[in-house]
$ cat final_12.cif   # mmCIF, C-alpha atoms and all ligand atoms
data_run
loop_
_atom_site.label_atom_id
_atom_site.label_comp_id
_atom_site.auth_asym_id
_atom_site.auth_seq_id
_atom_site.Cartn_x
_atom_site.Cartn_y
_atom_site.Cartn_z
CA MET A 1 138.66 82.34 15.27
CA ARG A 2 136.33 84.55 17.25
CA ASP A 3 132.66 83.63 17.21
CA GLY A 4 129.77 85.96 17.83
CA ASP A 5 129.34 89.64 18.67
CA VAL A 6 129.13 90.26 22.39
CA VAL A 7 128.20 93.78 23.51
CA VAL A 8 128.87 94.49 27.19
CA ILE A 9 127.06 97.57 28.50
CA GLY A 10 128.96 99.04 31.44
CA GLY A 11 132.71 98.99 32.02
CA GLY A 12 132.71 98.66 35.80
CA TYR A 13 134.17 95.75 37.78
CA ALA A 14 131.82 93.15 36.27
CA GLY A 15 131.84 94.47 32.69
CA VAL A 16 135.62 94.77 32.53
CA ARG A 17 136.13 91.25 33.87
CA LEU A 18 133.62 89.73 31.47
CA ALA A 19 134.93 91.59 28.41
CA LYS A 20 138.45 90.39 29.22
CA ARG A 21 137.31 86.80 29.73
CA LEU A 22 135.65 86.71 26.27
CA ASP A 23 138.23 88.76 24.37
CA ALA A 24 140.00 85.71 22.90
CA THR A 25 136.88 83.82 21.83
CA ALA A 26 134.27 86.40 20.75
CA ARG A 27 134.12 89.81 19.09
CA VAL A 28 133.72 91.98 22.16
CA THR A 29 132.49 95.58 22.32
CA LEU A 30 132.54 97.17 25.77
CA VAL A 31 130.43 100.33 26.06
CA ASP A 32 130.67 102.82 28.90
CA ARG A 33 129.24 106.29 29.33
CA LYS A 34 132.57 107.53 30.71
CA GLU A 35 135.99 107.43 29.08
CA ILE A 36 137.92 105.68 31.85
CA PHE A 37 137.49 102.90 34.43
CA PHE A 38 136.47 104.17 37.88
CA HIS A 39 137.92 102.20 40.81
CA ARG A 40 135.15 103.09 43.22
CA ILE A 41 136.77 101.35 46.18
CA ALA A 42 139.39 104.14 46.21
CA SER A 43 136.86 106.93 45.74
CA LEU A 44 136.19 107.88 49.36
CA ARG A 45 139.85 108.63 50.05
CA ALA A 46 140.09 110.40 46.68
CA GLY A 47 137.24 112.66 47.75
CA VAL A 48 139.18 113.71 50.84
CA ARG A 49 142.93 113.60 50.01
CA PRO A 50 144.37 115.62 47.09
CA GLU A 51 147.25 113.15 46.59
CA TRP A 52 144.67 110.43 45.83
CA THR A 53 142.66 112.48 43.32
CA VAL A 54 143.61 110.55 40.18
CA THR A 55 144.13 107.12 41.80
CA PRO A 56 140.63 105.77 40.99
CA PHE A 57 140.97 106.42 37.25
CA ILE A 58 142.51 103.64 35.13
CA PRO A 59 142.39 103.86 31.31
CA TYR A 60 140.62 101.15 29.30
CA ASP A 61 143.21 101.20 26.53
CA ARG A 62 145.14 98.11 27.66
CA LEU A 63 142.16 95.99 28.62
CA LEU A 64 141.35 94.21 25.35
CA ARG A 65 143.71 92.80 22.73
CA ASN A 66 141.07 92.11 20.11
CA GLY A 67 137.87 93.80 21.17
CA ARG A 68 137.09 97.50 21.37
CA VAL A 69 135.88 99.97 23.98
CA VAL A 70 133.24 102.47 22.90
CA LEU A 71 132.37 105.68 24.74
CA GLY A 72 128.60 106.06 24.80
CA LYS A 73 125.46 105.84 26.87
CA ALA A 74 123.19 102.91 26.11
CA VAL A 75 119.55 103.99 25.89
CA ARG A 76 117.87 100.89 24.50
CA VAL A 77 118.27 97.20 23.76
CA ASP A 78 116.49 96.42 20.50
CA THR A 79 115.74 92.73 20.99
CA VAL A 80 114.09 92.40 17.56
CA GLU A 81 117.03 93.71 15.52
CA ARG A 82 119.48 92.50 18.20
CA GLN A 83 121.19 95.87 18.54
CA VAL A 84 122.20 98.09 21.44
CA VAL A 85 121.19 101.68 20.76
CA LEU A 86 123.39 104.50 22.08
CA ALA A 87 122.27 108.05 22.93
CA THR A 88 124.04 109.24 19.77
CA GLY A 89 121.82 106.97 17.67
CA GLU A 90 124.69 104.59 16.92
CA ARG A 91 123.64 100.93 16.89
CA LEU A 92 125.82 98.04 17.99
CA PRO A 93 124.73 94.63 16.65
CA TYR A 94 124.95 91.71 19.04
CA ASP A 95 124.56 87.97 19.25
CA VAL A 96 124.72 88.29 23.02
CA VAL A 97 124.27 91.44 25.10
CA VAL A 98 125.35 91.76 28.72
CA ILE A 99 123.97 94.49 30.94
CA ALA A 100 126.53 95.46 33.59
CA THR A 101 125.45 99.03 34.34
CA GLY A 102 125.89 98.71 38.11
CA ALA A 103 124.38 101.13 40.58
CA ASP A 104 124.67 104.79 41.39
CA TYR A 105 126.04 105.89 44.76
CA PRO A 106 125.95 109.27 46.47
CA GLU A 107 129.04 111.49 46.24
CA PRO A 108 131.95 111.33 46.66
CA ALA A 109 131.78 107.68 45.52
CA ARG A 110 130.51 108.80 42.15
CA PHE A 111 131.98 109.61 38.75
CA LEU A 112 130.51 112.95 37.74
CA GLY A 113 130.45 113.66 34.00
CA THR A 114 132.02 111.52 31.30
CA THR A 115 135.65 112.71 31.21
CA THR A 116 138.48 112.28 33.69
CA GLU A 117 138.82 116.06 33.77
CA GLU A 118 135.22 116.50 34.95
CA ALA A 119 135.55 113.78 37.58
CA VAL A 120 138.86 115.21 38.84
CA LYS A 121 137.19 118.61 39.23
CA ALA A 122 134.41 117.06 41.32
CA PHE A 123 136.93 115.33 43.62
CA ALA A 124 138.96 118.54 43.99
CA ALA A 125 135.78 120.42 44.93
CA HIS A 126 134.99 117.87 47.67
CA GLN A 127 138.55 118.07 49.01
CA GLN A 128 138.32 121.86 49.14
CA SER A 129 134.99 121.92 50.93
CA ILE A 130 136.23 119.36 53.45
CA ALA A 131 139.41 121.40 54.01
CA ALA A 132 137.32 124.51 54.71
CA ALA A 133 134.51 122.97 56.81
CA GLU A 134 134.12 123.47 60.53
CA HIS A 135 131.61 120.68 60.99
CA VAL A 136 131.13 117.76 58.59
CA LEU A 137 128.11 115.49 58.94
CA VAL A 138 128.24 111.98 57.47
CA VAL A 139 124.88 110.23 57.28
CA GLY A 140 124.83 106.42 57.19
CA GLY A 141 126.92 104.20 59.44
CA GLY A 142 127.46 101.25 57.11
CA PRO A 143 130.99 100.38 55.93
CA SER A 144 131.14 103.33 53.48
CA GLY A 145 129.92 105.94 56.00
CA VAL A 146 132.36 104.67 58.61
CA GLU A 147 135.26 104.68 56.13
CA LEU A 148 134.42 108.20 54.97
CA SER A 149 134.11 109.55 58.54
CA ALA A 150 137.52 108.10 59.39
CA GLU A 151 139.10 109.60 56.26
CA ILE A 152 137.66 113.03 57.03
CA ARG A 153 138.70 112.86 60.66
CA LEU A 154 142.31 111.94 59.76
CA ALA A 155 142.52 114.68 57.12
CA ARG A 156 140.92 117.30 59.38
CA PRO A 157 141.85 116.63 63.01
CA ASP A 158 140.76 120.18 63.88
CA ALA A 159 137.20 119.96 62.46
CA ARG A 160 134.08 118.58 64.09
CA VAL A 161 132.92 115.34 62.45
CA THR A 162 129.57 113.69 63.21
CA LEU A 163 128.42 110.31 61.97
CA ALA A 164 124.63 109.84 62.16
CA HIS A 165 123.28 106.33 61.72
CA SER A 166 119.64 105.28 61.63
CA GLY A 167 120.21 101.90 63.33
CA PRO A 168 121.21 100.92 66.85
CA ALA A 169 124.75 99.76 65.89
CA LEU A 170 127.36 100.80 63.33
CA LEU A 171 128.03 98.67 60.21
CA GLY A 172 124.41 97.45 60.20
CA ASN A 173 123.88 94.12 58.44
CA ALA A 174 127.50 94.03 57.29
CA GLY A 175 128.73 93.85 60.88
CA CYS A 176 128.56 91.84 64.08
CA GLU A 177 128.31 93.11 67.64
CA LYS A 178 132.03 93.04 68.33
CA ALA A 179 132.89 94.79 65.07
CA SER A 180 130.27 97.50 65.68
CA ARG A 181 131.63 98.12 69.16
CA LYS A 182 135.24 98.30 67.98
CA THR A 183 134.34 100.60 65.11
CA GLN A 184 132.45 102.96 67.36
CA ALA A 185 135.32 102.93 69.86
CA TRP A 186 137.85 103.81 67.13
CA LEU A 187 135.75 106.70 65.86
CA GLU A 188 135.01 108.08 69.33
CA ASP A 189 138.65 107.71 70.42
CA HIS A 190 139.50 109.85 67.38
CA GLY A 191 136.92 112.49 68.25
CA VAL A 192 134.14 111.58 65.82
CA GLU A 193 130.69 112.12 67.37
CA VAL A 194 128.63 108.98 66.71
CA ARG A 195 124.85 109.37 66.86
CA LEU A 196 122.96 106.09 66.69
CA ASP A 197 119.20 105.68 66.08
CA SER A 198 119.29 108.97 64.19
CA PHE A 199 117.25 108.73 61.03
CA MET A 200 118.11 111.94 59.18
CA SER A 201 115.60 113.59 56.85
CA PRO A 202 117.00 114.36 53.44
CA GLY A 203 117.87 118.02 52.80
CA HIS A 204 118.55 120.83 55.23
CA GLU A 205 117.60 124.41 56.00
CA PHE A 206 120.61 126.75 56.21
CA GLY A 207 122.83 123.93 57.47
CA ALA A 208 120.31 122.57 60.01
CA TYR A 209 119.80 118.84 59.47
CA ARG A 210 116.91 117.16 61.30
CA ASP A 211 116.44 113.63 62.52
CA ALA A 212 113.10 111.83 62.72
CA ARG A 213 112.75 112.66 66.43
CA GLY A 214 113.18 116.39 65.90
CA GLY A 215 116.88 116.53 66.85
CA VAL A 216 118.91 119.09 64.91
CA ILE A 217 122.53 118.87 63.77
CA GLU A 218 124.07 122.11 62.50
CA ALA A 219 126.78 121.35 59.95
CA ASP A 220 128.31 123.24 57.08
CA LEU A 221 128.88 120.16 54.93
CA SER A 222 127.24 116.74 54.64
CA PHE A 223 127.79 113.45 52.85
CA TRP A 224 125.17 110.75 52.52
CA ALA A 225 126.25 107.14 52.50
CA THR A 226 122.75 105.79 52.59
CA GLY A 227 122.36 103.35 49.75
CA THR A 228 122.41 102.74 46.07
CA THR A 229 120.13 102.93 43.05
CA PRO A 230 120.51 100.42 40.21
CA ASN A 231 121.30 102.05 36.85
CA THR A 232 118.23 100.75 35.07
CA LEU A 233 116.08 103.85 34.50
CA TRP A 234 117.18 103.75 30.85
CA LEU A 235 115.72 100.24 30.51
CA ARG A 236 112.42 101.34 32.03
CA LEU A 237 112.29 104.36 29.70
CA ALA A 238 113.00 102.07 26.74
CA GLY A 239 110.00 99.89 27.59
CA HIS A 240 111.81 97.09 29.42
CA GLY A 241 110.18 97.73 32.80
CA ASP A 242 109.06 94.09 32.80
CA TRP A 243 112.74 93.05 33.14
CA LEU A 244 112.93 94.83 36.52
CA ASN A 245 111.83 93.93 40.04
CA PRO A 246 110.19 96.51 42.34
CA SER A 247 113.57 97.84 43.53
CA GLY A 248 114.66 98.41 39.91
CA HIS A 249 117.12 95.49 39.74
CA ILE A 250 117.13 93.27 36.65
CA LYS A 251 115.48 89.91 37.31
CA VAL A 252 117.84 87.12 36.27
CA ASP A 253 117.65 83.34 36.33
CA ARG A 254 120.41 81.21 37.78
CA SER A 255 122.39 81.26 34.53
CA LEU A 256 122.36 85.10 34.94
CA ARG A 257 120.12 85.62 31.92
CA VAL A 258 117.24 88.04 31.88
CA GLU A 259 114.29 85.78 32.49
CA GLY A 260 113.11 84.12 29.27
CA ARG A 261 115.90 85.51 27.03
CA LEU A 262 118.74 83.30 25.89
CA ASP A 263 120.88 86.16 24.52
CA VAL A 264 120.49 88.83 27.25
CA PHE A 265 122.57 88.54 30.43
CA ALA A 266 122.88 90.87 33.43
CA VAL A 267 125.77 90.80 35.90
CA GLY A 268 126.98 92.72 38.96
CA ASP A 269 125.20 95.28 41.15
CA VAL A 270 122.49 95.78 38.52
CA ASN A 271 120.83 92.37 38.91
CA ASP A 272 118.79 90.67 41.63
CA ALA A 273 121.02 87.56 41.90
CA THR A 274 122.28 88.46 45.38
CA GLU A 275 121.64 90.98 48.11
CA LEU A 276 125.37 91.34 48.59
CA LYS A 277 126.40 94.17 46.27
CA ILE A 278 130.16 93.80 46.45
CA THR A 279 133.00 93.45 43.97
CA PRO A 280 133.75 89.73 44.54
CA ALA A 281 130.10 88.94 43.73
CA ALA A 282 130.30 91.08 40.56
CA LEU A 283 133.53 89.33 39.47
CA ALA A 284 132.19 85.83 40.21
CA GLN A 285 129.07 86.59 38.18
CA ALA A 286 131.18 87.89 35.28
CA ASP A 287 133.19 84.66 35.26
CA LEU A 288 130.08 82.50 35.30
CA ALA A 289 128.31 84.54 32.60
CA ALA A 290 131.44 84.39 30.39
CA TRP A 291 131.34 80.60 30.60
CA ASN A 292 127.61 80.51 29.79
CA ILE A 293 128.03 82.92 26.87
CA ARG A 294 130.81 80.78 25.38
CA THR A 295 128.60 77.73 25.81
CA TYR A 296 125.67 79.48 24.13
CA LEU A 297 127.76 80.77 21.20
CA ASN A 298 129.16 77.28 20.60
CA SER A 299 125.86 75.50 21.09
CA ALA A 300 125.60 74.51 17.42
CA GLY A 301 128.61 72.22 17.87
CA ARG A 302 128.40 68.55 18.77
CA HIS A 303 129.80 68.99 22.27
CA ARG A 304 126.91 70.90 23.75
CA ARG A 305 127.45 71.87 27.37
CA GLU A 306 124.98 72.80 30.08
CA PRO A 307 125.03 76.33 31.52
CA ARG A 308 126.54 76.82 34.95
CA LEU A 309 124.24 78.04 37.68
CA TYR A 310 125.06 80.91 40.03
CA ARG A 311 125.04 80.28 43.74
CA PRO A 312 125.09 83.52 45.76
CA VAL A 313 127.41 83.73 48.74
CA HIS A 314 125.76 85.08 51.84
CA ARG A 315 128.80 85.62 54.02
CA THR A 316 132.09 87.09 52.88
CA PRO A 317 135.02 88.91 54.50
CA VAL A 318 134.37 92.63 54.91
CA ILE A 319 137.26 95.03 55.46
CA VAL A 320 136.57 98.55 56.71
CA PRO A 321 139.58 100.87 56.48
CA PHE A 322 140.05 103.55 59.14
CA GLY A 323 142.37 105.58 56.92
CA PRO A 324 145.48 104.03 55.33
CA ALA A 325 147.05 102.73 58.55
CA ASP A 326 144.22 101.08 60.49
CA GLY A 327 140.99 99.19 59.99
CA LEU A 328 138.93 96.21 60.87
CA THR A 329 138.26 92.91 59.09
CA MET A 330 135.19 90.75 59.65
CA LEU A 331 135.91 87.19 58.65
CA PRO A 332 133.11 84.60 58.60
CA VAL A 333 134.27 81.37 60.25
CA PRO A 334 132.62 77.92 60.26
CA GLY A 335 129.68 77.66 62.65
CA GLY A 336 128.19 81.00 61.61
CA GLU A 337 130.48 83.09 63.82
CA THR A 338 132.48 86.11 62.65
CA ALA A 339 136.12 86.65 63.62
CA VAL A 340 137.13 90.29 63.96
CA LEU A 341 140.71 91.03 62.94
CA GLY A 342 142.45 94.30 63.61
CA GLY A 343 144.70 96.83 61.94
CA ARG A 344 147.58 94.71 60.62
CA THR A 345 145.47 92.39 58.46
CA SER A 346 143.14 95.17 57.34
CA VAL A 347 146.01 97.46 56.32
CA LEU A 348 147.76 94.75 54.32
CA ALA A 349 144.59 93.44 52.68
CA LYS A 350 143.00 96.77 51.81
CA ALA A 351 143.39 99.94 53.86
CA LYS A 352 146.83 101.01 52.59
CA THR A 353 146.30 100.73 48.84
CA LEU A 354 142.51 100.26 48.61
CA MET A 355 143.19 97.40 46.18
CA THR A 356 144.36 99.80 43.50
CA PRO A 357 147.33 97.64 42.36
CA TYR A 358 144.98 94.68 41.84
CA MET A 359 142.58 96.70 39.70
CA ARG A 360 145.38 98.33 37.72
CA ARG A 361 146.70 94.87 36.83
CA GLN A 362 143.20 93.76 35.79
CA LEU A 363 143.21 96.61 33.26
CA GLY A 364 146.68 95.73 31.95
CA TYR A 365 148.68 98.36 33.88
CA THR A 366 151.51 97.95 36.35
CA ALA A 367 150.64 98.02 40.04
CA SER A 368 151.58 101.66 40.64
C1 LIG B 401 132.25 103.89 48.56
C2 LIG B 401 132.16 102.48 48.13
C3 LIG B 401 133.11 101.60 48.55
C4 LIG B 401 133.00 100.28 48.18
N1 LIG B 401 133.96 99.45 48.62
C5 LIG B 401 133.88 98.17 48.32
C6 LIG B 401 134.88 97.29 48.79
O1 LIG B 401 135.79 97.69 49.49
N2 LIG B 401 134.82 96.00 48.45
C7 LIG B 401 133.81 95.54 47.65
O2 LIG B 401 133.81 94.36 47.36
N3 LIG B 401 132.84 96.33 47.18
C8 LIG B 401 132.84 97.65 47.49
N4 LIG B 401 131.87 98.48 47.03
C9 LIG B 401 130.82 97.94 46.14
C10 LIG B 401 131.34 97.86 44.69
O3 LIG B 401 131.77 99.14 44.30
C11 LIG B 401 130.26 97.35 43.74
O4 LIG B 401 129.80 96.09 44.15
C12 LIG B 401 130.82 97.25 42.32
O5 LIG B 401 131.09 98.53 41.84
C13 LIG B 401 129.85 96.54 41.36
O6 LIG B 401 130.42 96.48 40.09
P1 LIG B 401 129.54 96.58 38.76
O7 LIG B 401 130.46 96.30 37.63
O8 LIG B 401 128.31 95.77 38.89
O9 LIG B 401 129.04 98.10 38.69
P2 LIG B 401 129.86 99.45 38.57
O10 LIG B 401 131.23 99.31 39.10
O11 LIG B 401 128.96 100.47 39.16
O12 LIG B 401 129.97 99.72 37.01
C14 LIG B 401 128.87 100.04 36.20
C15 LIG B 401 129.37 100.74 34.94
O13 LIG B 401 128.28 100.93 34.05
C16 LIG B 401 128.39 102.21 33.43
N5 LIG B 401 127.05 102.60 32.98
C17 LIG B 401 125.95 102.80 33.75
N6 LIG B 401 124.89 103.07 32.96
C18 LIG B 401 125.32 103.04 31.67
C19 LIG B 401 124.70 103.23 30.41
N7 LIG B 401 123.39 103.47 30.29
N8 LIG B 401 125.45 103.12 29.29
C20 LIG B 401 126.79 102.85 29.38
N9 LIG B 401 127.42 102.66 30.55
C21 LIG B 401 126.70 102.74 31.68
C22 LIG B 401 128.97 103.09 34.53
O14 LIG B 401 129.61 104.22 33.98
C23 LIG B 401 129.94 102.13 35.22
O15 LIG B 401 131.23 102.20 34.65
C24 LIG B 401 131.93 99.82 47.36
C25 LIG B 401 130.96 100.73 46.95
C26 LIG B 401 131.08 102.05 47.33
C27 LIG B 401 130.05 103.02 46.88
#
$ encode --input "final_12.cif" --output "structure tokens" --more "lines below"
Ligand SMILES: Cc1cc2nc3c(=O)[nH]c(=O)nc-3n(C[C@H](O)[C@H](O)[C@H](O)COP(=O)(O)OP(=O)(O)OC[C@H]3O[C@@H](n4cnc5c(N)ncnc54)[C@H](O)[C@@H]3O)c2cc1C
Amino acid sequence: MRDGDVVVIGGGYAGVRLAKRLDATARVTLVDRKEIFFHRIASLRAGVRPEWTVTPFIPYDRLLRNGRVVLGKAVRVDTVERQVVLATGERLPYDVVVIATGADYPEPARFLGTTTEEAVKAFAAHQQSIAAAEHVLVVGGGPSGVELSAEIRLARPDARVTLAHSGPALLGNAGCEKASRKTQAWLEDHGVEVRLDSFMSPGHEFGAYRDARGGVIEADLSFWATGTTPNTLWLRLAGHGDWLNPSGHIKVDRSLRVEGRLDVFAVGDVNDATELKITPAALAQADLAAWNIRTYLNSAGRHRREPRLYRPVHRTPVIVPFGPADGLTMLPVPGGETAVLGGRTSVLAKAKTLMTPYMRRQLGYTAS
């Protein structure tokens, strides 16, 4: 018997995991504004290499045995009627609602439109402009900017590629001194121009990009890997601005509930539970929220259980691919140090497949 209606808003890493976890015990409805799962971790290579174009797209049709997946954009949570309102006007009743709307990233790590066809077109357009460019500028030297620069360099050995980073060392907070040095050495050995301490102003005039000190970089194409914006504007517009902190993330308590609300949870990149906006954190939060939702839905029974409390991790392995055949892994070790592992580990753990087989299996598909 399945108890309670659970509406999960957002079918990204966290939403998919949570919906699957509750599928056997609750009536689950997963809502997403696009028709297919987007494996963002594979998106940078997909934006560069035509043979990877469709890799990030995995259908939702094998995810749930009992529950359903609805295509639609949530525009409001009606906490009085306990209904999620979609842009079409459709209303989805809930006993528990989970907000898992993630964050928006600059292109190419972005799903444009709502259909696979639209997103494929956007990736193909990026691939074509990269193939035709003489000079590509990547702004932002964190893990994504580094990965993208490496992908572009390997796809276009004949083009000029510049990576501009506002800080004094690549990888920023995600890195350590040794990893930054090795990353910079790899890029420079492969002919990528690395410009540190270069804070680039947004926009350009006829291909002239300026940094804060007046330096100019002339490029015919640019990509910005400079940060993320939580997908919560819809909540603000619907009058739930009090659920958000100043950066627009949803404020949650340690049981991952929106503060003061027993039946509204928020998981993944969209909440303020951790600074570390990475997939393992999103998955761990989905697991914990699934447990707490089951506990809440069964709370009328005699065996009442306490909610579990989320403890954010502050240090986690970070793997930065340099294309499919090289990369670097930063592994926290006891004592606060970070071990830096090279190509072999990084290729096996991530760089070659970008964890696509793992995500395909999560959605009920075979690895390839
Ligand atoms: C280029 C890049 C590479 C990355 N690589 C890694 C990596 O290697 N390892 C790692 O751990 N992390 C990586 N990350 C971070 C990782 O992608 C995020 O932590 C992860 O996506 C968070 O999952 P989520 O489910 O919270 O959000 P998302 O995956 O963003 O999913 C949110 C979902 O909500 C939907 N949605 C949004 N608004 C609405 C609405 N109003 N109505 C309905 N649906 C809505 C969206 O369509 C989307 O499907 C990377 C990020 C980028 C940009």
$ closest_atom_pairs --input "final_12.cif" --of "chain A" --to "ligand LIG 401 (chain B)" --cutoff "6 Å" --atoms "only C-alpha atoms and all ligand atoms" --output "CSV"
residue,atom,partner,partner_atom,distance
A:Ile9,CA,B:LIG401,C20,5.4
A:Gly10,CA,B:LIG401,O13,3.3
A:Gly11,CA,B:LIG401,O15,4.4
A:Gly12,CA,B:LIG401,O12,3.2
A:Tyr13,CA,B:LIG401,O7,3.8
A:Ala14,CA,B:LIG401,O7,3.7
A:Gly15,CA,B:LIG401,O7,5.4
A:Val31,CA,B:LIG401,C20,5.5
A:Asp32,CA,B:LIG401,N9,3.6
A:Arg33,CA,B:LIG401,C20,4.2
A:Lys34,CA,B:LIG401,O14,5.5
A:Arg40,CA,B:LIG401,O3,5.3
A:Ile41,CA,B:LIG401,N1,4.2
A:Leu44,CA,B:LIG401,C1,5.7
A:Gly72,CA,B:LIG401,C20,5.9
A:Lys73,CA,B:LIG401,N8,3.6
A:Ala74,CA,B:LIG401,N8,3.9
A:Val75,CA,B:LIG401,N7,5.9
A:Ala100,CA,B:LIG401,O8,5.6
A:Thr101,CA,B:LIG401,O13,3.4
A:Gly102,CA,B:LIG401,O9,3.3
A:Ala103,CA,B:LIG401,O11,4.8
A:Tyr105,CA,B:LIG401,C27,5.4
A:Ala109,CA,B:LIG401,C1,4.9
A:Ser144,CA,B:LIG401,C1,5.1
A:Asn231,CA,B:LIG401,N6,5.4
A:Gly268,CA,B:LIG401,O8,3.3
A:Asp269,CA,B:LIG401,O8,3.9
A:Val270,CA,B:LIG401,O8,5.8
A:Lys277,CA,B:LIG401,O4,4.4
A:Ile278,CA,B:LIG401,O4,3.3
A:Thr279,CA,B:LIG401,O2,3.6
A:Pro280,CA,B:LIG401,O2,5.4
A:Ala282,CA,B:LIG401,O8,5.4
$ write_last_selection --input "final_12.cif" --atoms "C-alpha atoms" --output "tab-separated table (two decimals), in the coordinates of the input"
chain	number	residue	atom	x	y	z
A	9	ILE	CA	127.06	97.57	28.50
A	10	GLY	CA	128.96	99.04	31.44
A	11	GLY	CA	132.71	98.99	32.02
A	12	GLY	CA	132.71	98.66	35.80
A	13	TYR	CA	134.17	95.75	37.78
A	14	ALA	CA	131.82	93.15	36.27
A	15	GLY	CA	131.84	94.47	32.69
A	31	VAL	CA	130.43	100.33	26.06
A	32	ASP	CA	130.67	102.82	28.90
A	33	ARG	CA	129.24	106.29	29.33
A	34	LYS	CA	132.57	107.53	30.71
A	40	ARG	CA	135.15	103.09	43.22
A	41	ILE	CA	136.77	101.35	46.18
A	44	LEU	CA	136.19	107.88	49.36
A	72	GLY	CA	128.60	106.06	24.80
A	73	LYS	CA	125.46	105.84	26.87
A	74	ALA	CA	123.19	102.91	26.11
A	75	VAL	CA	119.55	103.99	25.89
A	100	ALA	CA	126.53	95.46	33.59
A	101	THR	CA	125.45	99.03	34.34
A	102	GLY	CA	125.89	98.71	38.11
A	103	ALA	CA	124.38	101.13	40.58
A	105	TYR	CA	126.04	105.89	44.76
A	109	ALA	CA	131.78	107.68	45.52
A	144	SER	CA	131.14	103.33	53.48
A	231	ASN	CA	121.30	102.05	36.85
A	268	GLY	CA	126.98	92.72	38.96
A	269	ASP	CA	125.20	95.28	41.15
A	270	VAL	CA	122.49	95.78	38.52
A	277	LYS	CA	126.40	94.17	46.27
A	278	ILE	CA	130.16	93.80	46.45
A	279	THR	CA	133.00	93.45	43.97
A	280	PRO	CA	133.75	89.73	44.54
A	282	ALA	CA	130.30	91.08	40.56
$ atom_distance --input "final_12.cif" --atom1 "CA of Val146 (chain A)" --atom2 "CA of Gly172 (chain A)"
10.9 Å
$ residues_around --input "final_12.cif" --residues "region 57-68 of chain A" --least-positions-apart "4" --cutoff "10 Å" --atoms "all atoms listed in the file" --output "PyMOL selection string"
chain A and resi 2+5-7+11+16-17+19-31+35-40+42-43+53+111+116+119-120+356+359-365
$ atom_distance --input "final_12.cif" --atom1 "CA of Ile217 (chain A)" --atom2 "CA of Ser149 (chain A)"
15.8 Å
$ closest_residue --input "final_12.cif" --among "A:Gly327, A:Gly145, A:Pro157, A:Pro332" --to "Lys350 (chain A)" --atoms "all atoms listed in the file"
A:Gly327
$ closest_residue --input "final_12.cif" --among "A:Trp186, A:Tyr296, A:Phe199, A:Trp224" --to "Gly342 (chain A)" --atoms "all atoms listed in the file"
A:Trp186
$ decode --input "final_12.cif" --residues "region 264-273 of chain A" --atoms "N, CA, C and O atoms" --output "PDB file, in the first residue's frame"
ATOM      1  N   VAL A 264       7.026  20.635   3.585  1.00  0.00           N
ATOM      2  CA  VAL A 264       7.761  21.208   2.439  1.00  0.00           C
ATOM      3  C   VAL A 264       9.259  20.987   2.644  1.00  0.00           C
ATOM      4  O   VAL A 264       9.850  21.507   3.594  1.00  0.00           O
ATOM      5  N   PHE A 265       9.851  20.209   1.743  1.00  0.00           N
ATOM      6  CA  PHE A 265      11.287  19.908   1.813  1.00  0.00           C
ATOM      7  C   PHE A 265      11.996  20.580   0.637  1.00  0.00           C
ATOM      8  O   PHE A 265      11.372  20.875  -0.397  1.00  0.00           O
ATOM      9  N   ALA A 266      13.295  20.808   0.771  1.00  0.00           N
ATOM     10  CA  ALA A 266      14.088  21.286  -0.376  1.00  0.00           C
ATOM     11  C   ALA A 266      15.432  20.563  -0.355  1.00  0.00           C
ATOM     12  O   ALA A 266      16.077  20.481   0.702  1.00  0.00           O
ATOM     13  N   VAL A 267      15.818  20.015  -1.505  1.00  0.00           N
ATOM     14  CA  VAL A 267      17.064  19.230  -1.571  1.00  0.00           C
ATOM     15  C   VAL A 267      17.913  19.632  -2.776  1.00  0.00           C
ATOM     16  O   VAL A 267      17.385  20.131  -3.776  1.00  0.00           O
ATOM     17  N   GLY A 268      19.219  19.418  -2.660  1.00  0.00           N
ATOM     18  CA  GLY A 268      20.134  19.644  -3.789  1.00  0.00           C
ATOM     19  C   GLY A 268      20.646  21.074  -3.860  1.00  0.00           C
ATOM     20  O   GLY A 268      20.603  21.829  -2.879  1.00  0.00           O
ATOM     21  N   ASP A 269      21.097  21.457  -5.044  1.00  0.00           N
ATOM     22  CA  ASP A 269      21.725  22.772  -5.266  1.00  0.00           C
ATOM     23  C   ASP A 269      20.846  23.946  -4.819  1.00  0.00           C
ATOM     24  O   ASP A 269      21.339  25.039  -4.576  1.00  0.00           O
ATOM     25  N   VAL A 270      19.531  23.706  -4.772  1.00  0.00           N
ATOM     26  CA  VAL A 270      18.606  24.826  -4.532  1.00  0.00           C
ATOM     27  C   VAL A 270      18.596  25.289  -3.069  1.00  0.00           C
ATOM     28  O   VAL A 270      18.165  26.398  -2.783  1.00  0.00           O
ATOM     29  N   ASN A 271      19.087  24.453  -2.142  1.00  0.00           N
ATOM     30  CA  ASN A 271      18.950  24.858  -0.740  1.00  0.00           C
ATOM     31  C   ASN A 271      20.259  25.410  -0.164  1.00  0.00           C
ATOM     32  O   ASN A 271      21.299  25.429  -0.835  1.00  0.00           O
ATOM     33  N   ASP A 272      20.178  25.851   1.095  1.00  0.00           N
ATOM     34  CA  ASP A 272      21.362  26.453   1.731  1.00  0.00           C
ATOM     35  C   ASP A 272      22.040  25.491   2.714  1.00  0.00           C
ATOM     36  O   ASP A 272      22.772  25.922   3.596  1.00  0.00           O
ATOM     37  N   ALA A 273      21.778  24.163   2.549  1.00  0.00           N
ATOM     38  CA  ALA A 273      22.299  23.197   3.522  1.00  0.00           C
ATOM     39  C   ALA A 273      23.815  23.055   3.464  1.00  0.00           C
ATOM     40  O   ALA A 273      24.450  22.685   4.446  1.00  0.00           O
TER      41      ALA A 273
END
